[in-house]
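Have a look at the structure below before the remarks.
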Amino acid sequence: MRSSEPGTVHIIGAGMAGLAAALRLAGAGRPVIVHEATASAGGRCRSYYDQQSGMTIDNGTHLVLSGNHAVRSFAQTIGSAAGLKGPAEAEFPFVDFVDDKKWTLRFGDSRFPWWIFDKGRRVPQTGIADYLTLARLAFASEDKPIAQVMACEGVLYKRLLEPLLLAALNIDPPLGSAKLAGTLIRETLALGGKACRPLLAREGLGHVFIEPSLAFLAARGVAVAFEDELVSLHFDGPRVTSLQFAKHNVPLADGDSVILAVPPWTAESLVPNLTGPNEYRGIVNAHFHIEPPKQIPPMLGIISGTAQWVFTHPHRISVTVSDGGAMFTRPRQELAQALWDDVARVSGLPHALPPWQIVRERRATFAATPEQNRRRPQAQTNWRNLWLAGDWTDTGLPATLESAVRSGYRAAELVAPNLRIAS
């Protein structure tokens with residue numbers, strides 16, 4: 001690759017944060033190059049064909065809510081918003097294995113949480129007073145563990161807050177950051193059904209997010225270099241002066257910029273004295289090659305099971321278990337059978353295990369504790385031409401797709417004034 005052109009923006013990493021930054025900068029009037037260390041884009045948000053099970057699967061199941069404005073604008077920009085599918089109104093079906101109780105939480109389509117006042121729409125066996133817990137959490141004055149802000153017990157906690165917070169924070173909720181949980185509540189439940197409608201990439205994450213974004217960038221002259229691993233940054237005073245890749249070096253001109261959209265452990269190895277999260281939580285995803293029966297909704301929450309969420313896709317059923325580190329040492333076949341048994345119980349399908357694949361990611365997200373949340377860095381660094389992006393940076397949100405996209409957008413906005421000066 002040739003030396004950098006004046007004004008070039010180098011984006012390191014083609015995950016959702018890096019792609020979001022590239023989308024925002026694609027029309028900025030300067031060359032943009034995305035460097036990806038691996039052979040494919042998307043990071044944790046990608047699809048691939050699995051030979052063992054004979055199906056195309058997602059690396060992880062990512063739920064989008066209608067209130068996730070950054071992710072939805074990402075999809076709208078690349079013309080794939082129609083691929084995010086969900087119910088006409090915000091609703092979440094659940095089953096509790098303790099008593100086989102089934103119900104559907106119905107938020108409606110209002111911009112106000114009227115559902116709290118409707119016995120037929122809120123969580124069964126809860127009253128209006130129970131929901132004061134949401135206000136305490138939404139407006140917690142300090143970032144403490146959730147257990148110090150609210151009682152992590154009772155019907156509302158077990159049947160709504162625990163599964164919601166566990167999925168969003170990817171940590172046992174009592175240990176989680178009340179500040180991050182509060183942001184989640186304010187941006188979703190507190191805004192009624194308009195912000196809570198679940199949206200799924202039922203045809204696959206690659207189909208909705210990755211392939212269209214790469215096509216969008218290519219059509220606008222944005223190059224994506226795969227298998228192009230950055231091994232070091234060279235600094236001189238207040239700026240980064242060159243990028244050392246595994247196979248080549250790129251000197252940076254005065255107007256060039258760098259957005260580092262890589263995992264925290266990689267960023268810390270590249271940027272001197274960078275402090276980021278250093279504790280992580282894992283996620284387990286299971287995929288089963290079978291045609292979903294009509295009685296299973298597209299998304300089903302399971303209380304008191306091995307599985308936590310069941311998702312249906314064309315020709316496959318997927319299961320997600322957040323904070324699943326305890327399952328990483330469990331034999332794969334045994335784990336697949338245990339998760340499938342839960343699926344069989346709610347679907348009426350035979351307990352015989354269909355073709356399957358287990359995806360276990362040990363460092364899926366940073367541990368969303370108050371201590372780790374305080375370690376998240378800002379997008380701006382001590383160097384005038386270097387910015388950070390990623391769901392682990394200080395976006396104010398847990399490590400979600402929305403957080404990743406917002407971080408990419410933020411980094412692009414910080415680069416933009418630099419580009420205007422360079423022009």
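Every chain in the structure tokens takes a letter, A first, then B, and so on in the order presented; its residues are numbered from 1, and the ligands are numbered from 1 following the presented order.
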Polymer residues at most 8 Å from Asp58 of chain A, only C-alpha atoms, same-chain spacing of 5 or more positions, as a ChimeraX atom specification
/A:45-48,204-206
Go ahead and dump the residues you just picked, N, CA and C atoms, as a compact mmCIF listing (two decimals), in the first residue's frame.
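Output (part_26.txt):
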# COMPACT_ATOMS: atom_id res chain seq x y z
N CYS A 45 -20.13 -9.00 15.45
CA CYS A 45 -21.40 -8.87 14.72
C CYS A 45 -21.18 -9.36 13.29
N ARG A 46 -21.09 -10.67 13.15
CA ARG A 46 -20.84 -11.22 11.82
C ARG A 46 -21.53 -12.57 11.67
N SER A 47 -21.69 -12.96 10.43
CA SER A 47 -22.26 -14.27 10.10
C SER A 47 -21.22 -15.08 9.34
N TYR A 48 -21.31 -16.39 9.48
CA TYR A 48 -20.39 -17.24 8.72
C TYR A 48 -21.01 -18.63 8.56
N GLY A 204 -29.81 -12.85 9.41
CA GLY A 204 -28.39 -12.88 9.78
C GLY A 204 -27.78 -11.50 9.89
N LEU A 205 -26.83 -11.37 10.82
CA LEU A 205 -26.16 -10.09 11.05
C LEU A 205 -25.38 -9.63 9.83
N GLY A 206 -24.73 -10.57 9.16
CA GLY A 206 -23.96 -10.21 7.97
C GLY A 206 -24.84 -9.62 6.89
At most 12 Å is the cut-off: for each residue in segment 29-48 of chain A with any atom that close to an atom of segment 255-265 of chain A, write down the nearest atom pair and the distance in Å rounded to one decimal, counting only C-alpha atoms, chain first then increasing number, as CSV.
residue,atom,partner,partner_atom,distance
A:Arg30,CA,A:Asp256,CA,9.5
A:Pro31,CA,A:Asp256,CA,9.5
A:Val32,CA,A:Ser257,CA,9.5
A:Ile33,CA,A:Val258,CA,9.8
A:Val34,CA,A:Ile259,CA,9.4
A:His35,CA,A:Ala261,CA,9.8
A:Glu36,CA,A:Val262,CA,9.3
A:Ala37,CA,A:Val262,CA,9.6
A:Thr38,CA,A:Val262,CA,11.7
A:Gly42,CA,A:Val262,CA,11.5
A:Gly43,CA,A:Val262,CA,9.3
A:Arg44,CA,A:Pro263,CA,10.7
Would you save the residues from that selection as a PDB file, in the first residue's frame, using C-alpha atoms?
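Here's the written file result00.pdb:
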ATOM      1  CA  ARG A  30     -10.994  12.932   2.189  1.00  0.00           C
ATOM      2  CA  PRO A  31      -9.661   9.417   1.589  1.00  0.00           C
ATOM      3  CA  VAL A  32     -10.757   6.874   4.181  1.00  0.00           C
ATOM      4  CA  ILE A  33      -9.033   3.514   4.601  1.00  0.00           C
ATOM      5  CA  VAL A  34     -10.225   0.760   6.934  1.00  0.00           C
ATOM      6  CA  HIS A  35      -7.575  -1.718   8.109  1.00  0.00           C
ATOM      7  CA  GLU A  36      -8.826  -5.055   9.457  1.00  0.00           C
ATOM      8  CA  ALA A  37      -6.453  -7.577  11.042  1.00  0.00           C
ATOM      9  CA  THR A  38      -8.596 -10.599  10.148  1.00  0.00           C
ATOM     10  CA  GLY A  42     -17.958  -7.335  11.643  1.00  0.00           C
ATOM     11  CA  GLY A  43     -16.052  -8.437  14.736  1.00  0.00           C
ATOM     12  CA  ARG A  44     -18.631  -9.969  17.092  1.00  0.00           C
TER      13      ARG A  44
END
Of the candidates A:Ala399, A:Ala219, A:Val310, A:Leu388, which shows the shortest atom-to-atom distance to Ala267 of chain A, using only C-alpha atoms?
A:Leu388
Residues near segment 240-247 of chain A, cut-off 9 Å, only C-alpha atoms, skip fewer than 5 positions along chain, as a ChimeraX atom specification:
/A:228-235,252-254,257-258,383-386
Strand (DSSP E or B) residues, from DSSP on the backbone, in segment 56-254 of chain A, as a ChimeraX atom specification
/A:56-58,64-65,84-85,90-96,101-108,145,177,198-201,223-225,230-236,239-245,249-251
Selected residues written out with C-alpha atoms, as a PDB file, in the first residue's frame:
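Saved to again_39.pdb:
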ATOM      1  CA  THR A  56     -24.949 -20.017   8.280  1.00  0.00           C
ATOM      2  CA  ILE A  57     -24.868 -18.717  11.841  1.00  0.00           C
ATOM      3  CA  ASP A  58     -24.202 -15.464  13.653  1.00  0.00           C
ATOM      4  CA  VAL A  64     -31.863  -4.152  18.625  1.00  0.00           C
ATOM      5  CA  LEU A  65     -34.575  -2.060  20.255  1.00  0.00           C
ATOM      6  CA  LEU A  84     -34.535  -5.632  11.085  1.00  0.00           C
ATOM      7  CA  LYS A  85     -37.826  -7.329  11.805  1.00  0.00           C
ATOM      8  CA  ALA A  90     -43.343  -3.762  21.627  1.00  0.00           C
ATOM      9  CA  GLU A  91     -43.971  -7.128  23.259  1.00  0.00           C
ATOM     10  CA  PHE A  92     -41.845  -9.747  24.972  1.00  0.00           C
ATOM     11  CA  PRO A  93     -43.140 -13.276  25.593  1.00  0.00           C
ATOM     12  CA  PHE A  94     -41.773 -15.167  28.622  1.00  0.00           C
ATOM     13  CA  VAL A  95     -42.084 -18.577  30.229  1.00  0.00           C
ATOM     14  CA  ASP A  96     -41.075 -19.386  33.811  1.00  0.00           C
ATOM     15  CA  LYS A 101     -46.304 -19.741  33.808  1.00  0.00           C
ATOM     16  CA  LYS A 102     -46.457 -18.053  30.399  1.00  0.00           C
ATOM     17  CA  TRP A 103     -47.124 -14.399  29.726  1.00  0.00           C
ATOM     18  CA  THR A 104     -46.381 -11.612  27.287  1.00  0.00           C
ATOM     19  CA  LEU A 105     -45.172  -8.232  28.449  1.00  0.00           C
ATOM     20  CA  ARG A 106     -46.890  -5.678  26.205  1.00  0.00           C
ATOM     21  CA  PHE A 107     -45.492  -2.158  26.097  1.00  0.00           C
ATOM     22  CA  GLY A 108     -47.848  -0.912  23.386  1.00  0.00           C
ATOM     23  CA  PRO A 145     -23.547  -1.814  42.295  1.00  0.00           C
ATOM     24  CA  SER A 177     -23.245  -0.651  37.321  1.00  0.00           C
ATOM     25  CA  PRO A 198     -37.550  -5.627  19.618  1.00  0.00           C
ATOM     26  CA  LEU A 199     -35.902  -5.908  16.210  1.00  0.00           C
ATOM     27  CA  LEU A 200     -33.931  -8.912  15.000  1.00  0.00           C
ATOM     28  CA  ALA A 201     -31.714  -9.527  12.002  1.00  0.00           C
ATOM     29  CA  ALA A 223     -10.956   0.928   0.806  1.00  0.00           C
ATOM     30  CA  VAL A 224     -11.096  -1.948   3.295  1.00  0.00           C
ATOM     31  CA  ALA A 225      -7.796  -3.785   3.662  1.00  0.00           C
ATOM     32  CA  LEU A 230      -1.493  -2.978  12.972  1.00  0.00           C
ATOM     33  CA  VAL A 231       1.418  -3.945  15.222  1.00  0.00           C
ATOM     34  CA  SER A 232       2.551  -0.547  16.516  1.00  0.00           C
ATOM     35  CA  LEU A 233       1.948   3.190  16.448  1.00  0.00           C
ATOM     36  CA  HIS A 234       4.880   5.592  16.197  1.00  0.00           C
ATOM     37  CA  PHE A 235       4.564   8.857  18.133  1.00  0.00           C
ATOM     38  CA  ASP A 236       6.412  12.133  17.975  1.00  0.00           C
ATOM     39  CA  ARG A 239       0.818  13.286  17.071  1.00  0.00           C
ATOM     40  CA  VAL A 240       1.040   9.808  15.655  1.00  0.00           C
ATOM     41  CA  THR A 241       3.612   9.878  12.861  1.00  0.00           C
ATOM     42  CA  SER A 242       3.312   6.427  11.303  1.00  0.00           C
ATOM     43  CA  LEU A 243       1.436   3.158  11.382  1.00  0.00           C
ATOM     44  CA  GLN A 244       3.468  -0.017  11.437  1.00  0.00           C
ATOM     45  CA  PHE A 245       1.486  -2.914  10.009  1.00  0.00           C
ATOM     46  CA  ASN A 249       4.566   0.912   7.137  1.00  0.00           C
ATOM     47  CA  VAL A 250       2.379   3.979   6.506  1.00  0.00           C
ATOM     48  CA  PRO A 251       3.875   7.409   7.288  1.00  0.00           C
TER      49      PRO A 251
END
Can you pull out every residue within 7 Å of Lys144 of chain A, counting only C-alpha atoms, but drop anything in the same chain fewer than 3 positions away, and send it as JSON, numbers by chain?
{"A": [148, 177, 178, 370]}
Can you spit out the residues from that selection as a PDB file, in the first residue's frame, using N, CA and C atoms?
ATOM      1  N   GLN A 148     -26.946  -2.143  45.628  1.00  0.00           N
ATOM      2  CA  GLN A 148     -26.955  -1.074  46.631  1.00  0.00           C
ATOM      3  C   GLN A 148     -27.996   0.000  46.320  1.00  0.00           C
ATOM      4  N   SER A 177     -23.280  -2.103  37.131  1.00  0.00           N
ATOM      5  CA  SER A 177     -23.245  -0.651  37.321  1.00  0.00           C
ATOM      6  C   SER A 177     -24.654  -0.067  37.304  1.00  0.00           C
ATOM      7  N   ALA A 178     -25.020   0.616  38.387  1.00  0.00           N
ATOM      8  CA  ALA A 178     -26.324   1.269  38.432  1.00  0.00           C
ATOM      9  C   ALA A 178     -26.399   2.404  37.415  1.00  0.00           C
ATOM     10  N   PRO A 370     -19.312  -0.989  38.393  1.00  0.00           N
ATOM     11  CA  PRO A 370     -18.960   0.432  38.535  1.00  0.00           C
ATOM     12  C   PRO A 370     -17.463   0.675  38.362  1.00  0.00           C
TER      13      PRO A 370
END
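Within the 12 Å cut-off around Pro350 of chain A, using only C-alpha atoms and omitting residues fewer than 3 positions from it on the same chain, the listed residues are Ile290, Pro293, Gln337, Trp340, Asp341, Asp342, Val343, Ala344, Arg345, Val346, Ser347, Leu353 and Pro354 of chain A.
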Expected file contents, prior selection, N, CA and C atoms, as a PDB file, in the first residue's frame:
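Done, and the output landed in result02.pdb:
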ATOM      1  N   ILE A 290     -32.602 -26.604  12.432  1.00  0.00           N
ATOM      2  CA  ILE A 290     -33.922 -27.217  12.420  1.00  0.00           C
ATOM      3  C   ILE A 290     -34.940 -26.139  12.058  1.00  0.00           C
ATOM      4  N   PRO A 293     -40.841 -24.455  14.700  1.00  0.00           N
ATOM      5  CA  PRO A 293     -42.298 -24.602  14.611  1.00  0.00           C
ATOM      6  C   PRO A 293     -42.991 -23.262  14.824  1.00  0.00           C
ATOM      7  N   GLN A 337     -26.966 -30.247  24.605  1.00  0.00           N
ATOM      8  CA  GLN A 337     -28.154 -31.018  24.944  1.00  0.00           C
ATOM      9  C   GLN A 337     -28.987 -30.301  26.007  1.00  0.00           C
ATOM     10  N   TRP A 340     -30.721 -27.454  24.326  1.00  0.00           N
ATOM     11  CA  TRP A 340     -31.765 -27.963  23.437  1.00  0.00           C
ATOM     12  C   TRP A 340     -32.957 -28.499  24.226  1.00  0.00           C
ATOM     13  N   ASP A 341     -32.707 -29.102  25.380  1.00  0.00           N
ATOM     14  CA  ASP A 341     -33.814 -29.588  26.204  1.00  0.00           C
ATOM     15  C   ASP A 341     -34.761 -28.445  26.573  1.00  0.00           C
ATOM     16  N   ASP A 342     -34.201 -27.264  26.836  1.00  0.00           N
ATOM     17  CA  ASP A 342     -35.060 -26.109  27.119  1.00  0.00           C
ATOM     18  C   ASP A 342     -35.868 -25.718  25.891  1.00  0.00           C
ATOM     19  N   VAL A 343     -35.215 -25.739  24.724  1.00  0.00           N
ATOM     20  CA  VAL A 343     -35.931 -25.417  23.489  1.00  0.00           C
ATOM     21  C   VAL A 343     -37.044 -26.430  23.237  1.00  0.00           C
ATOM     22  N   ALA A 344     -36.729 -27.706  23.431  1.00  0.00           N
ATOM     23  CA  ALA A 344     -37.733 -28.747  23.215  1.00  0.00           C
ATOM     24  C   ALA A 344     -38.914 -28.574  24.166  1.00  0.00           C
ATOM     25  N   ARG A 345     -38.621 -28.155  25.377  1.00  0.00           N
ATOM     26  CA  ARG A 345     -39.683 -27.984  26.379  1.00  0.00           C
ATOM     27  C   ARG A 345     -40.661 -26.883  25.975  1.00  0.00           C
ATOM     28  N   VAL A 346     -40.182 -25.807  25.367  1.00  0.00           N
ATOM     29  CA  VAL A 346     -41.075 -24.698  25.023  1.00  0.00           C
ATOM     30  C   VAL A 346     -41.671 -24.830  23.626  1.00  0.00           C
ATOM     31  N   SER A 347     -41.119 -25.750  22.821  1.00  0.00           N
ATOM     32  CA  SER A 347     -41.556 -25.849  21.427  1.00  0.00           C
ATOM     33  C   SER A 347     -42.331 -27.116  21.106  1.00  0.00           C
ATOM     34  N   LEU A 353     -31.096 -34.370  19.814  1.00  0.00           N
ATOM     35  CA  LEU A 353     -30.320 -33.195  19.446  1.00  0.00           C
ATOM     36  C   LEU A 353     -30.175 -33.089  17.921  1.00  0.00           C
ATOM     37  N   PRO A 354     -30.633 -31.981  17.319  1.00  0.00           N
ATOM     38  CA  PRO A 354     -30.420 -31.776  15.884  1.00  0.00           C
ATOM     39  C   PRO A 354     -28.986 -31.312  15.637  1.00  0.00           C
TER      40      PRO A 354
END
Quick one: everything within 10 Å of segment 23-27 of chain A, counting only C-alpha atoms, minus sequence neighbours fewer than 6 positions away in the same chain. Send it as number ranges by chain.
A: 9, 17, 33, 74, 77-78, 213-214, 216-222, 408-413, 415-416, 419
Mind dumping the selected residues with C-alpha atoms as a PDB file, in the first residue's frame?
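The file below, again_4.pdb, is the result:
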ATOM      1  CA  VAL A   9      -8.353   8.905   7.783  1.00  0.00           C
ATOM      2  CA  ALA A  17     -17.490   0.809  15.645  1.00  0.00           C
ATOM      3  CA  ILE A  33      -9.033   3.514   4.601  1.00  0.00           C
ATOM      4  CA  PHE A  74     -26.611   2.743  10.571  1.00  0.00           C
ATOM      5  CA  THR A  77     -27.740   4.661   5.842  1.00  0.00           C
ATOM      6  CA  ILE A  78     -26.730   1.423   4.124  1.00  0.00           C
ATOM      7  CA  SER A 213     -21.991  -1.558   4.794  1.00  0.00           C
ATOM      8  CA  LEU A 214     -19.024  -2.926   2.848  1.00  0.00           C
ATOM      9  CA  PHE A 216     -21.865   1.149   0.674  1.00  0.00           C
ATOM     10  CA  LEU A 217     -18.244   1.990   1.463  1.00  0.00           C
ATOM     11  CA  ALA A 218     -16.903   0.450  -1.732  1.00  0.00           C
ATOM     12  CA  ALA A 219     -19.357   2.488  -3.814  1.00  0.00           C
ATOM     13  CA  ARG A 220     -17.949   5.626  -2.193  1.00  0.00           C
ATOM     14  CA  GLY A 221     -14.310   4.760  -2.689  1.00  0.00           C
ATOM     15  CA  VAL A 222     -13.566   3.676   0.876  1.00  0.00           C
ATOM     16  CA  GLY A 408     -17.831   5.185  15.862  1.00  0.00           C
ATOM     17  CA  TYR A 409     -20.073   8.143  15.119  1.00  0.00           C
ATOM     18  CA  ARG A 410     -18.489  10.130  17.966  1.00  0.00           C
ATOM     19  CA  ALA A 411     -14.952   9.465  16.746  1.00  0.00           C
ATOM     20  CA  ALA A 412     -15.933  10.514  13.224  1.00  0.00           C
ATOM     21  CA  GLU A 413     -17.432  13.752  14.548  1.00  0.00           C
ATOM     22  CA  VAL A 415     -12.155  13.864  13.265  1.00  0.00           C
ATOM     23  CA  ALA A 416     -14.374  16.042  11.057  1.00  0.00           C
ATOM     24  CA  LEU A 419     -10.495  17.326   8.145  1.00  0.00           C
TER      25      LEU A 419
END
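Straight-line separation from atom CA of Ile303 of chain A to atom CA of Ala129 of chain A: 22.7 Å.
Non-sequential neighbours of Glu334 of chain A (distance at most 12 Å, separation of 5 or more positions within a chain, only C-alpha atoms) are Thr306, Met327, Phe328, Thr329, Leu339, Trp340, Asp341, Leu353, Trp356 and Ile358 of chain A.
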Give me every alpha helix (DSSP H) residue in segment 84-286 of chain A, going by DSSP on the backbone, as a VMD selection string.
chain A and resid 132 to 138 155 to 156 162 to 169 178 to 187 205 211 to 219 264 to 270
Name the closest residue to Glu211 of chain A among the candidates A:Ala28, A:Arg159, A:Gly79, A:Thr365; distances are taken between atoms, counting only C-alpha atoms.
A:Gly79
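Between atom CA of Trp392 of chain A and atom CA of Ser407 of chain A lies a distance of 8.9 Å.
Of the residues listed (A:Tyr280, A:Tyr157, A:Phe112, A:Phe117), A:Tyr280 shows the shortest atom-to-atom separation from Ala367 of chain A; distances use only C-alpha atoms.
Atom CA of Ala151 of chain A is found 16.9 Å from atom CA of Thr369 of chain A.
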